[in-house]
Amino acid sequence: MKLRIGLGSCGLAAGAQTVKDSLEAELLNQGIDIKVQPAGCVGMCHHEPLLDIIDDNGQIFTYGHIDEKNIKEIIEEHIVAGRPVEKHLVHSSRQPNDFLNGQLKIALRNCGIINPEVISDYMEQGGYKALEKALKQSPKDIIEEIKRSGLRGRGGAGFPTWFKWEAARNNPGEVKYVICNADEGDPGAFMDRSLLESDPHSILEGMAIAAYAIGASQGIIYCRAEYPLAIKRLETAINQAREKGLLGENIFNHNFSFDIRIKKGAGAFVCGEETALIASLEGERGMPRLKPPFPAESGYWGRPSNINNVETLANVPWIIANGGEAFAAHGSEKSKGTKVFALAGKIKNGGLIEVPMGLSLKEIIYQIGGGIKADRAFKAVQLGGPSGGCIPASLLDISVDYESITSTGAIMGSGGMVVMDDTTCMVDVARFFLDFTCKESCGKCVQCRIGTKRMLEILERICDGKGRAGDIELLEEIGQKVKEGSLCGLGQSAPNPVLTTIKYFRDEYEAHINDKTCPAKYCKALIEYRIDPEKCKGCNLCAKKCPVNCISGEKKQPYIIDQQRCIKCGNCLEVCPTKFSAVILEGGGGEA
Amino acid sequence: MNCCCQYKSREEIFSQDNIDLGLIKAVLEKYRGDKGNLITVLQEAQEVYGYLPLSVLKHIADVFELKPAQVYGVATFYTQFRLTPVGKYLILLCQGTACHVNGSERIETVLLEELKIKPGETTADGLFTLSNVACLGCCSLAPVMMINGQAYGPLTTDRAVKIIKDLKAREISEGGEPA
């Protein structure tokens, strides 16, 4: 019997370390000699902390929401008596849950299964075999294999990976670089973090194969400083790979030498752009420059450099081991293989998933994701983060592949998928993303620097109930100009969240501007919290919890909210006992 | 953006604080000679001082033979770098998309009210700094905040205020001694 606990950032945030400590203490207490293996994240973030019990037949039983209370029961019932505790099980080999059942794991193949801090765990799963195999082939064959697989960049743009590799290979240079872009800056996306934390060796192996293919001798991982655990595990993995001779001189006794170092990013969304990333690596402000020359010709310190995203690189060893055709067998015509998505927002089963390309949004959200929290009405799904857009319910049957998603005005992006329900205001969502891109604009291009600012001001005005006739058209016009006049992907895509919400939710904009109402009852200036005198029993709870003390009344008499002083934090609504439900949220414009 | 000098003379600005520049001697020795390491040096200097005092930026510029403006430019470009000290408890309030749609703005409203500060500021007693961050990457716990590395979520407005109140109470019972 084996025990495994998920210790990714999400598991740790949910208290997995404490659970592991008490589990170990309890096992010791009961004299049971089983080691608890740490693992990465299997993606079921909504059930964290997770405990896997693997019996001697290899059957896996996954327990969710493990805490100090139910551990004892699980030890006594399952570990000692051999009876799985059904009520705490969230998944088992016998009864797979829908969340895991609908997935196909290639990039995430080892996540949550191996101990990311032990290289032999990775090697037992066939790790570094692909590198050994690759070194027996010519670099040209490797690039051909990647071409056959149809692998496209998973960072957002979807550029064919083989093409970048070949360009870097064909450009002359004594020193070439392979750079792993782990500067995952999209708010609402955590694919790369989870991969780096759960299976760091797959990235190192992918980089080594890429390096062999293009003739590079040095690798750099540019990782967000906000991911301390990922950096720590990468450092451990690099040291272990060096000790085993899998990084360094003459790897597998071939005339191939390659080593990797880590550079910590310092928090700038624009550094996800290749040329900005290179500027940052060189110690400069991360500002993009004109392409060409492309990094494949003149990159880091002016040398040919190949930059790939974390997920792209994690796919590479699998493709080399199993062949390009096996990868291309999955997915749609132009988008091959699988894609990892971070499913979050108003979704029941949030977490990390990997599905074949070509699945419909509906299948992802309702079958794997389990539908909308509290069974509210689905409104939209945001794809591609600040560069992407919102896709409405009417397009839920669309196939998830690069071309189809782009046709909606959104982009595939790196894989953030944030689900929104009827309480989400789409104008506010557009404002939220513009606020982000406006702050993150590096300031180089006028259209991006000032255009996003002006768009943000208009959106803030609309949310504030001060929208004017013509605002929507103005947003569209400026948005178009920002797209046309910006040098890099940040500016070219910054208006997308605004343009797609106008395209699909124009009525919400019009309601804000013409009727001064927020249909989702979200925008502070357009809502009011009121207490229904019929229902209020005067329990005093809301008044006690009001941060600005603007609720008053006599005990056992209906209370009143002072609208002048109310900061609309919604605390009163939250604390009002459900049996009374006396606090009502009203949309502006006088209607209930 | 205001000019950093605000009519003071250069000497006055850079000698404003009693900072022991010797604390980063080893860091500078390790990385000097390669200006590609500037961001790494700033990161390590911030770990030493908790923030980046102007005198430290000037000193780094001198050692790396760069213009102070260039170092200042890099330090102000990246959100990780802080030019002012932070409180004992650094609250990172996640404003990522998942947290946003799950009500992080309302959490911000009550926290600012409780702490009586604006985003990015530190309370007068030097205990709390509230900083909005783009995404902490634990979207399944949304809305979430992190205080000195410990994540709290999913939050409600009520729970967020309680966490702060508990920390305040602990400070008072411990007599304000550093933890």
# chains A, B, ... in the order shown; residues from 1 in each chain; ligands from 1

$ interface_residues --of "chain A" --to "chain B" --cutoff "6 Å" --atoms "only C-alpha atoms" --output "list in words"
Cys10, Ala13, Cys45, His46, Pro187, Gly188, Phe190, Ala266, Gly267, Ala268, Glu282, Gly283, Arg285, Ala344, Gly345, Gly350, Cys569 and Asn571 of chain A

$ write_last_selection --atoms "C-alpha atoms" --output "PDB file, in the first residue's frame"
ATOM      1  CA  CYS A  10      -3.018  25.007  -4.094  1.00  0.00           C
ATOM      2  CA  ALA A  13      -2.813  26.783   0.606  1.00  0.00           C
ATOM      3  CA  CYS A  45      -8.123  21.859  -6.711  1.00  0.00           C
ATOM      4  CA  HIS A  46     -11.764  21.971  -5.643  1.00  0.00           C
ATOM      5  CA  PRO A 187      -4.562  36.465 -13.914  1.00  0.00           C
ATOM      6  CA  GLY A 188      -6.670  33.332 -13.549  1.00  0.00           C
ATOM      7  CA  PHE A 190      -1.950  28.517 -13.209  1.00  0.00           C
ATOM      8  CA  ALA A 266      10.205  40.498 -11.232  1.00  0.00           C
ATOM      9  CA  GLY A 267       6.570  40.861 -12.089  1.00  0.00           C
ATOM     10  CA  ALA A 268       5.704  42.362 -15.446  1.00  0.00           C
ATOM     11  CA  GLU A 282      19.573  41.230 -19.949  1.00  0.00           C
ATOM     12  CA  GLY A 283      18.745  43.317 -16.867  1.00  0.00           C
ATOM     13  CA  ARG A 285      13.167  47.256 -18.360  1.00  0.00           C
ATOM     14  CA  ALA A 344     -11.810  28.780 -12.370  1.00  0.00           C
ATOM     15  CA  GLY A 345     -14.439  31.338 -11.498  1.00  0.00           C
ATOM     16  CA  GLY A 350     -12.367  24.239 -10.450  1.00  0.00           C
ATOM     17  CA  CYS A 569     -19.411  46.042   0.699  1.00  0.00           C
ATOM     18  CA  ASN A 571     -21.368  42.336   4.327  1.00  0.00           C
TER      19      ASN A 571
END

$ residues_around --residues "A:Cys223" --least-positions-apart "6" --cutoff "9 Å" --atoms "only C-alpha atoms" --output "list in words"
Cys180, Asn181, Ala182, Asp183, Glu184, Ala230, Ile231, Ile262, Lys263, Lys264, Gly265 and Ala266 of chain A

$ residues_around --residues "A:Ala237" --least-positions-apart "2" --cutoff "12 Å" --atoms "only C-alpha atoms" --output "VMD selection string"
chain A and resid 115 to 122 196 to 205 230 to 235 239 to 244 246 to 247 260 to 262

$ residues_around --residues "A:Gly479" --least-positions-apart "6" --cutoff "12 Å" --atoms "only C-alpha atoms" --output "VMD selection string"
chain A and resid 430 434 447 to 448 450 to 456 458 471 to 473 485 to 486 491 to 500 502

$ atom_distance --atom1 "atom CA of A:Ile53" --atom2 "atom CA of A:Ile75"
10.2 Å

$ residues_around --residues "A:Arg4" --least-positions-apart "2" --cutoff "12 Å" --atoms "only C-alpha atoms" --output "JSON, numbers by chain"
{"A": [1, 2, 6, 7, 16, 19, 20, 23, 24, 34, 35, 36, 37, 38, 39, 40, 41, 42, 49, 50, 51, 52, 53, 54, 55, 60, 61, 62, 63, 112, 113, 114, 115]}

$ residues_around --residues "B:Leu127" --least-positions-apart "3" --cutoff "7 Å" --atoms "only C-alpha atoms" --output "NGL selection string"
:B and (87-89 or 123)

$ write_last_selection --atoms "N, CA, C and O atoms" --output "PDB file, in the first residue's frame"
ATOM      1  N   GLY B  87       4.808  47.030   6.058  1.00  0.00           N
ATOM      2  CA  GLY B  87       4.456  46.731   7.437  1.00  0.00           C
ATOM      3  C   GLY B  87       4.889  45.331   7.853  1.00  0.00           C
ATOM      4  O   GLY B  87       5.394  44.549   7.048  1.00  0.00           O
ATOM      5  N   LYS B  88       4.658  45.036   9.117  1.00  0.00           N
ATOM      6  CA  LYS B  88       5.039  43.726   9.653  1.00  0.00           C
ATOM      7  C   LYS B  88       4.251  42.616   8.947  1.00  0.00           C
ATOM      8  O   LYS B  88       4.780  41.554   8.673  1.00  0.00           O
ATOM      9  N   TYR B  89       2.983  42.909   8.673  1.00  0.00           N
ATOM     10  CA  TYR B  89       2.167  41.947   7.929  1.00  0.00           C
ATOM     11  C   TYR B  89       1.913  42.487   6.527  1.00  0.00           C
ATOM     12  O   TYR B  89       1.278  43.528   6.369  1.00  0.00           O
ATOM     13  N   THR B 123      -0.319  50.874   7.410  1.00  0.00           N
ATOM     14  CA  THR B 123      -1.018  51.501   8.524  1.00  0.00           C
ATOM     15  C   THR B 123      -0.049  52.312   9.380  1.00  0.00           C
ATOM     16  O   THR B 123       1.154  52.031   9.404  1.00  0.00           O
TER      17      THR B 123
END

$ residues_around --residues "A:Gly465" --least-positions-apart "6" --cutoff "9 Å" --atoms "only C-alpha atoms" --output "list in words"
His512, Ile513, Asp515, Lys516, Thr517, Cys518, Cys523, Ala525 and Leu526 of chain A

$ select_by_dssp --residues "stretch 320-513 of chain A" --states "strand (DSSP E)" --output "JSON, numbers by chain"
{"A": [338, 339, 340, 341, 342, 343, 344, 345, 351, 352, 353, 354, 355, 356, 378, 379, 380, 381, 382, 383, 389, 390, 391, 392, 416, 417, 418, 419, 420, 421]}

$ write_last_selection --atoms "N, CA, C and O atoms" --output "short mmCIF file (atom, residue, chain, number, x, y, z; two decimals), in the first residue's frame"
data_model
loop_
_atom_site.label_atom_id
_atom_site.label_comp_id
_atom_site.auth_asym_id
_atom_site.auth_seq_id
_atom_site.Cartn_x
_atom_site.Cartn_y
_atom_site.Cartn_z
N THR A 338 -3.34 17.84 -27.10
CA THR A 338 -4.20 18.23 -25.99
C THR A 338 -3.87 19.66 -25.56
O THR A 338 -2.89 20.23 -26.01
N LYS A 339 -4.71 20.21 -24.71
CA LYS A 339 -4.43 21.52 -24.14
C LYS A 339 -4.80 21.51 -22.66
O LYS A 339 -5.82 20.94 -22.28
N VAL A 340 -3.95 22.14 -21.89
CA VAL A 340 -4.22 22.25 -20.45
C VAL A 340 -4.99 23.55 -20.19
O VAL A 340 -4.66 24.59 -20.75
N PHE A 341 -6.02 23.46 -19.37
CA PHE A 341 -6.77 24.65 -19.01
C PHE A 341 -6.86 24.78 -17.50
O PHE A 341 -6.94 23.78 -16.79
N ALA A 342 -6.83 26.03 -17.04
CA ALA A 342 -7.08 26.30 -15.63
C ALA A 342 -8.52 26.74 -15.52
O ALA A 342 -8.90 27.81 -15.98
N LEU A 343 -9.34 25.89 -14.96
CA LEU A 343 -10.77 26.12 -14.88
C LEU A 343 -11.06 26.81 -13.55
O LEU A 343 -10.78 26.25 -12.49
N ALA A 344 -11.59 28.03 -13.61
CA ALA A 344 -11.81 28.78 -12.37
C ALA A 344 -13.03 29.67 -12.50
O ALA A 344 -13.71 29.66 -13.53
N GLY A 345 -13.29 30.44 -11.48
CA GLY A 345 -14.44 31.34 -11.50
C GLY A 345 -15.66 30.68 -10.88
O GLY A 345 -15.54 29.95 -9.90
N GLY A 351 -10.17 23.71 -11.24
CA GLY A 351 -8.88 23.01 -11.16
C GLY A 351 -8.18 23.00 -12.49
O GLY A 351 -8.48 23.79 -13.38
N LEU A 352 -7.23 22.09 -12.59
CA LEU A 352 -6.40 22.02 -13.77
C LEU A 352 -6.81 20.81 -14.59
O LEU A 352 -6.87 19.70 -14.07
N ILE A 353 -7.11 21.04 -15.86
CA ILE A 353 -7.55 19.92 -16.68
C ILE A 353 -6.77 19.87 -17.99
O ILE A 353 -6.25 20.88 -18.45
N GLU A 354 -6.68 18.69 -18.56
CA GLU A 354 -6.06 18.55 -19.88
C GLU A 354 -7.01 17.75 -20.75
O GLU A 354 -7.42 16.65 -20.39
N VAL A 355 -7.38 18.33 -21.87
CA VAL A 355 -8.36 17.67 -22.75
C VAL A 355 -7.85 17.68 -24.19
O VAL A 355 -7.05 18.54 -24.56
N PRO A 356 -8.34 16.74 -25.00
CA PRO A 356 -7.96 16.79 -26.41
C PRO A 356 -8.54 18.04 -27.05
O PRO A 356 -9.65 18.45 -26.70
N PHE A 378 -25.44 30.20 -16.46
CA PHE A 378 -24.16 30.49 -17.10
C PHE A 378 -24.31 31.78 -17.91
O PHE A 378 -25.30 31.96 -18.60
N LYS A 379 -23.31 32.65 -17.83
CA LYS A 379 -23.39 33.84 -18.66
C LYS A 379 -22.30 33.86 -19.73
O LYS A 379 -22.58 34.05 -20.90
N ALA A 380 -21.05 33.66 -19.32
CA ALA A 380 -19.96 33.73 -20.29
C ALA A 380 -18.76 33.00 -19.75
O ALA A 380 -18.68 32.71 -18.56
N VAL A 381 -17.85 32.67 -20.66
CA VAL A 381 -16.58 32.13 -20.21
C VAL A 381 -15.48 32.98 -20.82
O VAL A 381 -15.53 33.35 -21.99
N GLN A 382 -14.53 33.35 -19.98
CA GLN A 382 -13.45 34.21 -20.43
C GLN A 382 -12.26 33.33 -20.77
O GLN A 382 -11.78 32.55 -19.94
N LEU A 383 -11.79 33.44 -22.00
CA LEU A 383 -10.64 32.65 -22.44
C LEU A 383 -9.49 33.57 -22.80
O LEU A 383 -9.71 34.61 -23.41
N GLY A 389 -11.05 37.04 -24.70
CA GLY A 389 -12.37 37.65 -24.74
C GLY A 389 -13.38 36.76 -24.06
O GLY A 389 -13.06 35.67 -23.60
N CYS A 390 -14.61 37.27 -24.01
CA CYS A 390 -15.68 36.54 -23.34
C CYS A 390 -16.57 35.87 -24.38
O CYS A 390 -17.04 36.51 -25.31
N ILE A 391 -16.80 34.58 -24.19
CA ILE A 391 -17.63 33.83 -25.11
C ILE A 391 -18.98 33.58 -24.44
O ILE A 391 -19.03 33.07 -23.32
N PRO A 392 -20.09 33.95 -25.12
CA PRO A 392 -21.41 33.86 -24.49
C PRO A 392 -22.02 32.46 -24.58
O PRO A 392 -21.50 31.59 -25.29
N GLY A 416 -6.19 29.98 -19.52
CA GLY A 416 -7.05 30.40 -18.42
C GLY A 416 -8.49 30.36 -18.89
O GLY A 416 -8.82 30.82 -19.97
N MET A 417 -9.36 29.74 -18.11
CA MET A 417 -10.76 29.63 -18.49
C MET A 417 -11.58 30.04 -17.28
O MET A 417 -11.71 29.27 -16.33
N VAL A 418 -12.08 31.28 -17.27
CA VAL A 418 -12.80 31.76 -16.10
C VAL A 418 -14.29 31.83 -16.43
O VAL A 418 -14.71 32.52 -17.35
N VAL A 419 -15.06 31.08 -15.67
CA VAL A 419 -16.49 30.96 -15.93
C VAL A 419 -17.25 32.03 -15.15
O VAL A 419 -16.93 32.32 -13.99
N MET A 420 -18.22 32.64 -15.81
CA MET A 420 -18.99 33.72 -15.17
C MET A 420 -20.47 33.39 -15.18
O MET A 420 -20.97 32.79 -16.13
N ASP A 421 -21.16 33.80 -14.12
CA ASP A 421 -22.59 33.54 -14.05
C ASP A 421 -23.38 34.84 -14.11
O ASP A 421 -22.81 35.90 -14.38
#

$ select_by_dssp --residues "stretch 113-184 of chain A" --states "helix (DSSP H, G or I)" --output "PyMOL selection string"
chain A and resi 119-124+129-135+139-149+161-170

$ write_last_selection --atoms "C-alpha atoms" --output "tab-separated table (two decimals), in the first residue's frame"
chain	number	residue	atom	x	y	z
A	119	ILE	CA	14.45	12.17	-10.01
A	120	SER	CA	14.11	8.38	-9.82
A	121	ASP	CA	10.33	8.78	-9.62
A	122	TYR	CA	10.42	10.62	-12.92
A	123	MET	CA	12.76	8.07	-14.47
A	124	GLU	CA	10.52	5.19	-13.40
A	129	LYS	CA	14.33	7.99	-22.10
A	130	ALA	CA	13.09	10.43	-24.74
A	131	LEU	CA	16.30	12.44	-24.47
A	132	GLU	CA	18.36	9.28	-24.81
A	133	LYS	CA	16.31	8.30	-27.85
A	134	ALA	CA	16.60	11.79	-29.34
A	135	LEU	CA	20.38	11.79	-29.07
A	139	PRO	CA	18.61	17.04	-34.97
A	140	LYS	CA	16.83	17.22	-38.32
A	141	ASP	CA	14.87	14.05	-37.52
A	142	ILE	CA	13.81	15.52	-34.19
A	143	ILE	CA	12.47	18.64	-35.85
A	144	GLU	CA	10.66	16.41	-38.39
A	145	GLU	CA	9.10	14.43	-35.54
A	146	ILE	CA	7.86	17.62	-33.89
A	147	LYS	CA	6.53	18.75	-37.27
A	148	ARG	CA	4.63	15.48	-37.64
A	149	SER	CA	3.11	15.96	-34.20
A	161	THR	CA	6.99	24.72	-32.62
A	162	TRP	CA	9.00	22.96	-35.33
A	163	PHE	CA	9.18	26.17	-37.33
A	164	LYS	CA	10.77	28.08	-34.46
A	165	TRP	CA	13.21	25.25	-33.82
A	166	GLU	CA	14.22	25.05	-37.45
A	167	ALA	CA	14.74	28.80	-37.70
A	168	ALA	CA	16.96	28.76	-34.60
A	169	ARG	CA	18.83	25.75	-35.98
A	170	ASN	CA	19.46	27.36	-39.37

$ closest_residue --among "A:Cys536, A:Ala328, A:Ala314, A:Met44" --to "A:Ile209" --atoms "only C-alpha atoms"
A:Ala314

$ atom_distance --atom1 "atom CA of A:Gly369" --atom2 "atom CA of A:Val90"
14.1 Å

$ closest_residue --among "A:Gly470, A:Gly587, A:Gly153, A:Gly219" --to "A:Val316" --atoms "only C-alpha atoms"
A:Gly153

$ atom_distance --atom1 "atom CA of A:Gly370" --atom2 "atom CA of A:Val575"
27.7 Å
